[in-house]
Amino acid sequence: MALVELYQQVILDHNRTPRNRRELPAATHRARGLDALCGDDLIVELTVEDGRIEDAGWHGEACAVTTASASMLTEWLRGRSVDGLANDAARFRALLEDPEHPDDGEFNEINCLRAVSKFPSRVRNALLPWETALDAVSPRR
Amino acid sequence: MARAEHDMTTPPLDIDALRAEFPVLARTVHDKPLVYLDSAATAQRPQCVIDATTRFYSEYNANVHRGVHQLSVEASEAFEAAREKVRAGLNAKSEREIVFTRGATEAINLVAQAWARPRLEPGDEIIVSTMEHHSNIVPWQLVCEQTGAVLKPAPINERGELLLDELEALITERTRLIGLVHVSNALGTINPVERVCAMARERGIVTVIDGCQALPHVHVDVQTLGCDFYAFSAHKMYGPTGIGALYGREPLLEAMPPWQGGGEMILRVSFEETTYNELPHKFEAGTPNIAGAIGMGAAFDFLDRIGIDPIAAHEQDLLTYATDRMQAIDGLRILGTAANKGPVISFIVDGAHANDIGTIVDHFGVALRTGHHCAMPVMQFFGVPATARVSFGCYTTRGEIDTFLDALERARTMLA
């Protein structure tokens, strides 16, 4: 059932022990992501050198879906190019919009967040960390 | 009226018969019987309200106050009969004091723009409580921007009760208006409206009461309350969406300019001079929500037939039952524990975000509300980003509360 897919082990594990949930004092890029309606409020921080993301962290208050998404995203971002982030986010969004969407070869466990596509009211939660990361690298987006 | 004042001899509701009047309660959600615990967001509608609305469209649909033909006469009569039902429901002195609006939000904005805006001067003060819905905060912030007046929040305590002494201490000779929610949608608190209005009246301060959550649960008598304005939405009290009313004391409404121009609100229009219509039509520009108003009248009839006393007694029993059981849950905290409370329970659970609770219990058929409940200052006061909230109506049963608690336990286990 869809509920079990949404609250599957991988997502719950990231919710229980979120990765990179820490402040990055040396961050070069930072943005706040706020979803007042849901009560999600997080900061995404990135350390960028020569267009490459060297470190990524996040902190704040969020539901399990947002927490898992932020946790997976910050794991995944390390070593990625800043220029490619908008395209990566567009691919992630496409994944969330279609439950039949095939796995994205590059996304690894991030693919499991596709489960939110059956919960239209929760898609915004999975997207929030990604949009916040995009805001961090292009604040006037 | 406080729960302690309810007549203890009130005969109990026939819940099965009452539930049968609400067609939506027969449906399933995710293959489970619907357990609707979100009546504070919007109540469900009984068949009599649905029928009243449909009958207008299928039997006598016509514009009101416009034509001499039979349908227009019938529509106008039903529309004005609905106004009389609202008047009686609030015990207003006259139908001239009942202005139909889109809901409480529009009603409060009407007072803000037509009473406050032309009168307030820089440095004048408006007081609202910290537990207001955004609809009784933002219209005043707009007026403050427009006039230079100042908005002052009146504090609440940890139980979610208004601090009357602190409110009184906030009043100065510049205070022109006090806005107060009768029953808080986020916390359930029933406020001592009568005392606040008396306090205001002694000092010539105008009072605006947001009665959205009050009408389906407690007796409302605007003359006893002593308020100047009382705003509400029909959909919280088993009526249609998109309709509500503003009660205003006649001398105040009489002295106010119209706030929207158009048809209906005029007596005579020329390019040299336009004469405005009489109360309450002066404030009802354009073709109104006729079906909505008639449905709202039917909702007042419904509440009258079932009786607020038995409804309140039933809901207080549910509130006590649910509160006792929820307080026994480890890691669950109820926000809003006022001594005098309507059937609303806002709560947070350690390790389980409100959003996740809402999604999980939905899959067991349970509809509850999550988020800030359009009362972000309340969330800020309690230092939480969001809460989950269950709210009860006349049709809610103890069995449904049990189902909710089982689903909540599943959510806690799943997220643990």
# chains A, B, ... in the order shown; residues from 1 in each chain; ligands from 1
$ interface_residues --of "chain A" --to "chain B" --cutoff "10 Å" --atoms "only C-alpha atoms" --output "PyMOL selection string"
chain A and resi 1-4+6-9+12-13+15-16+35-41+61-65+119+121-122+125
$ select_by_dssp --residues "stretch 78-118 of chain B" --states "strand (DSSP E or B)" --output "JSON, numbers by chain"
{"B": [98, 99, 100, 101]}
$ write_last_selection --atoms "N, CA and C atoms" --output "PDB file, in the first residue's frame"
ATOM      1  N   ILE B  98     -28.137  42.848  10.051  1.00  0.00           N
ATOM      2  CA  ILE B  98     -27.532  41.621   9.497  1.00  0.00           C
ATOM      3  C   ILE B  98     -27.127  41.871   8.047  1.00  0.00           C
ATOM      4  N   VAL B  99     -25.828  41.944   7.811  1.00  0.00           N
ATOM      5  CA  VAL B  99     -25.287  42.144   6.463  1.00  0.00           C
ATOM      6  C   VAL B  99     -24.731  40.812   5.981  1.00  0.00           C
ATOM      7  N   PHE B 100     -25.216  40.342   4.830  1.00  0.00           N
ATOM      8  CA  PHE B 100     -24.658  39.113   4.264  1.00  0.00           C
ATOM      9  C   PHE B 100     -23.281  39.410   3.674  1.00  0.00           C
ATOM     10  N   THR B 101     -22.350  38.493   3.937  1.00  0.00           N
ATOM     11  CA  THR B 101     -20.982  38.625   3.411  1.00  0.00           C
ATOM     12  C   THR B 101     -20.552  37.268   2.874  1.00  0.00           C
TER      13      THR B 101
END
$ residues_around --residues "A:Lys118" --least-positions-apart "2" --cutoff "7 Å" --atoms "only C-alpha atoms" --output "PDB file with C-alpha atoms, in the first residue's frame"
ATOM      1  CA  ALA A   2       1.106   3.525  -0.793  1.00  0.00           C
ATOM      2  CA  PRO A  99       4.527   7.237  -9.951  1.00  0.00           C
ATOM      3  CA  ALA A 115       6.576   7.436  -3.377  1.00  0.00           C
ATOM      4  CA  VAL A 116       5.277  10.949  -2.614  1.00  0.00           C
ATOM      5  CA  PRO A 120      -0.069  15.176  -3.864  1.00  0.00           C
TER       6      PRO A 120
END
$ residues_around --residues "A:Ile11" --least-positions-apart "6" --cutoff "9 Å" --atoms "only C-alpha atoms" --output "ChimeraX atom specification"
/A:64-65,67-69,112-113
$ write_last_selection --atoms "all heavy atoms" --output "PDB file, in the first residue's frame"
ATOM      1  N   ALA A  64       8.929  14.112   8.250  1.00  0.00           N
ATOM      2  CA  ALA A  64       9.773  12.978   7.857  1.00  0.00           C
ATOM      3  C   ALA A  64      10.159  13.046   6.384  1.00  0.00           C
ATOM      4  O   ALA A  64      11.296  12.728   6.017  1.00  0.00           O
ATOM      5  CB  ALA A  64       9.044  11.666   8.152  1.00  0.00           C
ATOM      6  N   VAL A  65       9.239  13.468   5.534  1.00  0.00           N
ATOM      7  CA  VAL A  65       9.522  13.493   4.098  1.00  0.00           C
ATOM      8  C   VAL A  65      10.571  14.561   3.786  1.00  0.00           C
ATOM      9  O   VAL A  65      11.540  14.313   3.055  1.00  0.00           O
ATOM     10  CB  VAL A  65       8.219  13.744   3.300  1.00  0.00           C
ATOM     11  CG1 VAL A  65       8.521  13.929   1.814  1.00  0.00           C
ATOM     12  CG2 VAL A  65       7.236  12.595   3.511  1.00  0.00           C
ATOM     13  N   THR A  67      12.671  15.887   5.910  1.00  0.00           N
ATOM     14  CA  THR A  67      13.908  15.496   6.576  1.00  0.00           C
ATOM     15  C   THR A  67      14.672  14.473   5.740  1.00  0.00           C
ATOM     16  O   THR A  67      15.878  14.622   5.490  1.00  0.00           O
ATOM     17  CB  THR A  67      13.607  14.920   7.975  1.00  0.00           C
ATOM     18  OG1 THR A  67      12.964  15.936   8.753  1.00  0.00           O
ATOM     19  CG2 THR A  67      14.871  14.463   8.676  1.00  0.00           C
ATOM     20  N   ALA A  68      13.972  13.434   5.275  1.00  0.00           N
ATOM     21  CA  ALA A  68      14.635  12.397   4.473  1.00  0.00           C
ATOM     22  C   ALA A  68      15.163  12.994   3.177  1.00  0.00           C
ATOM     23  O   ALA A  68      16.278  12.676   2.731  1.00  0.00           O
ATOM     24  CB  ALA A  68      13.652  11.265   4.183  1.00  0.00           C
ATOM     25  N   SER A  69      14.372  13.876   2.565  1.00  0.00           N
ATOM     26  CA  SER A  69      14.795  14.481   1.307  1.00  0.00           C
ATOM     27  C   SER A  69      16.047  15.334   1.514  1.00  0.00           C
ATOM     28  O   SER A  69      16.990  15.276   0.720  1.00  0.00           O
ATOM     29  CB  SER A  69      13.648  15.318   0.725  1.00  0.00           C
ATOM     30  OG  SER A  69      14.040  15.898  -0.497  1.00  0.00           O
ATOM     31  N   CYS A 112      13.641   6.635  -4.140  1.00  0.00           N
ATOM     32  CA  CYS A 112      12.531   6.142  -3.322  1.00  0.00           C
ATOM     33  C   CYS A 112      11.556   7.269  -2.934  1.00  0.00           C
ATOM     34  O   CYS A 112      10.408   7.012  -2.585  1.00  0.00           O
ATOM     35  CB  CYS A 112      13.033   5.410  -2.083  1.00  0.00           C
ATOM     36  SG  CYS A 112      13.710   6.490  -0.841  1.00  0.00           S
ATOM     37  N   LEU A 113      12.016   8.512  -3.042  1.00  0.00           N
ATOM     38  CA  LEU A 113      11.117   9.629  -2.721  1.00  0.00           C
ATOM     39  C   LEU A 113       9.987   9.758  -3.741  1.00  0.00           C
ATOM     40  O   LEU A 113       9.027  10.493  -3.526  1.00  0.00           O
ATOM     41  CB  LEU A 113      11.896  10.944  -2.621  1.00  0.00           C
ATOM     42  CG  LEU A 113      12.746  11.088  -1.354  1.00  0.00           C
ATOM     43  CD1 LEU A 113      13.698  12.265  -1.471  1.00  0.00           C
ATOM     44  CD2 LEU A 113      11.852  11.253  -0.128  1.00  0.00           C
TER      45      LEU A 113
END
$ closest_residue --among "B:Ile348, B:Ala92, B:Val193, B:Leu37" --to "B:Thr397" --atoms "only C-alpha atoms"
B:Leu37
$ closest_residue --among "B:Met265, B:Ala43, B:Cys48, B:Ala116" --to "B:Ala20" --atoms "only C-alpha atoms"
B:Cys48
$ closest_atom_pairs --of "stretch 353-415 of chain B" --to "stretch 208-231 of chain B" --cutoff "10 Å" --atoms "only C-alpha atoms" --output "CSV"
residue,atom,partner,partner_atom,distance
B:Phe392,CA,B:His217,CA,9.7
B:Gly393,CA,B:Pro216,CA,7.9
B:Cys394,CA,B:Pro216,CA,8.4
$ write_last_selection --atoms "N, CA and C atoms" --output "PDB file, in the first residue's frame"
ATOM      1  N   PHE B 392     -14.392  18.398  16.791  1.00  0.00           N
ATOM      2  CA  PHE B 392     -15.595  17.570  16.778  1.00  0.00           C
ATOM      3  C   PHE B 392     -16.826  18.389  16.398  1.00  0.00           C
ATOM      4  N   GLY B 393     -17.798  17.694  15.853  1.00  0.00           N
ATOM      5  CA  GLY B 393     -19.081  18.310  15.539  1.00  0.00           C
ATOM      6  C   GLY B 393     -20.185  17.511  16.196  1.00  0.00           C
ATOM      7  N   CYS B 394     -21.419  17.910  15.897  1.00  0.00           N
ATOM      8  CA  CYS B 394     -22.569  17.240  16.536  1.00  0.00           C
ATOM      9  C   CYS B 394     -22.624  15.764  16.176  1.00  0.00           C
TER      10      CYS B 394
END
$ closest_residue --among "B:Ile171, B:Ala312, B:Ala293, B:Ile15" --to "B:Glu84" --atoms "only C-alpha atoms"
B:Ala293
$ atom_distance --atom1 "atom CA of B:Val366" --atom2 "atom CA of B:Leu34"
6.2 Å
$ select_by_dssp --residues "chain A" --states "alpha helix (DSSP H)" --output "NGL selection string"
:A and (2-6 or 9-16 or 64-77 or 85-97 or 123-137)
$ atom_distance --atom1 "atom CA of B:Gly336" --atom2 "atom CA of B:Phe364"
25.9 Å
$ residues_around --residues "A:Arg91" --least-positions-apart "5" --cutoff "10 Å" --atoms "only C-alpha atoms" --output "CSV table (one decimal) with N, CA, C and O atoms, in the first residue's frame"
chain,number,residue,atom,x,y,z
A,85,LEU,N,22.9,22.0,-11.0
A,85,LEU,CA,21.9,21.8,-10.0
A,85,LEU,C,20.5,22.0,-10.5
A,85,LEU,O,19.6,21.3,-10.1
A,86,ALA,N,20.3,23.1,-11.3
A,86,ALA,CA,19.0,23.4,-11.8
A,86,ALA,C,18.4,22.2,-12.6
A,86,ALA,O,17.3,21.8,-12.4
A,96,LEU,N,8.9,13.0,-9.1
A,96,LEU,CA,7.9,13.1,-8.1
A,96,LEU,C,6.5,13.3,-8.7
A,96,LEU,O,5.5,13.1,-8.0
A,104,ASP,N,15.9,7.0,-11.8
A,104,ASP,CA,16.9,7.9,-12.4
A,104,ASP,C,18.3,7.3,-12.0
A,104,ASP,O,18.6,7.2,-10.8
A,107,PHE,N,20.4,9.0,-9.3
A,107,PHE,CA,19.8,9.4,-8.1
A,107,PHE,C,19.9,8.4,-6.9
A,107,PHE,O,19.7,8.7,-5.8
$ residues_around --residues "B:Glu95" --least-positions-apart "2" --cutoff "10 Å" --atoms "only C-alpha atoms" --output "number ranges by chain"
B: 80-81, 83-88, 91-93, 97-99, 247, 250, 279-280
$ write_last_selection --atoms "N, CA and C atoms" --output "PDB file, in the first residue's frame"
ATOM      1  N   GLU B  80     -34.688  36.979   2.096  1.00  0.00           N
ATOM      2  CA  GLU B  80     -34.930  37.813   3.285  1.00  0.00           C
ATOM      3  C   GLU B  80     -35.393  36.972   4.476  1.00  0.00           C
ATOM      4  N   ALA B  81     -36.038  35.842   4.185  1.00  0.00           N
ATOM      5  CA  ALA B  81     -36.411  34.935   5.284  1.00  0.00           C
ATOM      6  C   ALA B  81     -35.138  34.380   5.929  1.00  0.00           C
ATOM      7  N   ARG B  83     -32.363  35.975   6.159  1.00  0.00           N
ATOM      8  CA  ARG B  83     -31.813  37.064   6.991  1.00  0.00           C
ATOM      9  C   ARG B  83     -32.503  37.086   8.354  1.00  0.00           C
ATOM     10  N   GLU B  84     -33.810  36.855   8.339  1.00  0.00           N
ATOM     11  CA  GLU B  84     -34.552  36.824   9.603  1.00  0.00           C
ATOM     12  C   GLU B  84     -34.082  35.651  10.477  1.00  0.00           C
ATOM     13  N   LYS B  85     -33.757  34.521   9.828  1.00  0.00           N
ATOM     14  CA  LYS B  85     -33.254  33.364  10.599  1.00  0.00           C
ATOM     15  C   LYS B  85     -31.909  33.693  11.250  1.00  0.00           C
ATOM     16  N   VAL B  86     -31.074  34.419  10.528  1.00  0.00           N
ATOM     17  CA  VAL B  86     -29.786  34.829  11.094  1.00  0.00           C
ATOM     18  C   VAL B  86     -30.032  35.792  12.257  1.00  0.00           C
ATOM     19  N   ARG B  87     -30.930  36.743  12.039  1.00  0.00           N
ATOM     20  CA  ARG B  87     -31.237  37.708  13.102  1.00  0.00           C
ATOM     21  C   ARG B  87     -31.684  36.975  14.361  1.00  0.00           C
ATOM     22  N   ALA B  88     -32.620  36.043  14.178  1.00  0.00           N
ATOM     23  CA  ALA B  88     -33.134  35.303  15.334  1.00  0.00           C
ATOM     24  C   ALA B  88     -32.029  34.459  15.962  1.00  0.00           C
ATOM     25  N   ASN B  91     -30.003  36.701  17.937  1.00  0.00           N
ATOM     26  CA  ASN B  91     -30.834  37.611  18.738  1.00  0.00           C
ATOM     27  C   ASN B  91     -30.454  39.079  18.522  1.00  0.00           C
ATOM     28  N   ALA B  92     -30.280  39.442  17.261  1.00  0.00           N
ATOM     29  CA  ALA B  92     -30.093  40.865  16.933  1.00  0.00           C
ATOM     30  C   ALA B  92     -31.451  41.553  17.019  1.00  0.00           C
ATOM     31  N   LYS B  93     -31.425  42.880  17.237  1.00  0.00           N
ATOM     32  CA  LYS B  93     -32.690  43.605  17.395  1.00  0.00           C
ATOM     33  C   LYS B  93     -33.452  43.685  16.076  1.00  0.00           C
ATOM     34  N   GLU B  97     -29.612  44.949  10.940  1.00  0.00           N
ATOM     35  CA  GLU B  97     -28.280  44.782  11.534  1.00  0.00           C
ATOM     36  C   GLU B  97     -27.538  43.561  10.991  1.00  0.00           C
ATOM     37  N   ILE B  98     -28.137  42.848  10.051  1.00  0.00           N
ATOM     38  CA  ILE B  98     -27.532  41.621   9.497  1.00  0.00           C
ATOM     39  C   ILE B  98     -27.127  41.871   8.047  1.00  0.00           C
ATOM     40  N   VAL B  99     -25.828  41.944   7.811  1.00  0.00           N
ATOM     41  CA  VAL B  99     -25.287  42.144   6.463  1.00  0.00           C
ATOM     42  C   VAL B  99     -24.731  40.812   5.981  1.00  0.00           C
ATOM     43  N   TYR B 247     -22.985  40.965  11.901  1.00  0.00           N
ATOM     44  CA  TYR B 247     -23.936  41.700  12.725  1.00  0.00           C
ATOM     45  C   TYR B 247     -23.256  42.998  13.118  1.00  0.00           C
ATOM     46  N   GLU B 250     -27.029  48.893  14.873  1.00  0.00           N
ATOM     47  CA  GLU B 250     -27.571  49.755  13.818  1.00  0.00           C
ATOM     48  C   GLU B 250     -26.952  51.156  13.768  1.00  0.00           C
ATOM     49  N   LEU B 279     -29.960  50.205   5.138  1.00  0.00           N
ATOM     50  CA  LEU B 279     -29.394  49.014   5.768  1.00  0.00           C
ATOM     51  C   LEU B 279     -30.335  47.837   5.563  1.00  0.00           C
ATOM     52  N   PRO B 280     -29.801  46.675   5.381  1.00  0.00           N
ATOM     53  CA  PRO B 280     -28.377  46.331   5.303  1.00  0.00           C
ATOM     54  C   PRO B 280     -27.850  46.364   3.868  1.00  0.00           C
TER      55      PRO B 280
END
$ closest_residue --among "B:Thr207, B:Thr130, B:Gly89, B:Glu74" --to "B:Ile308" --atoms "only C-alpha atoms"
B:Gly89
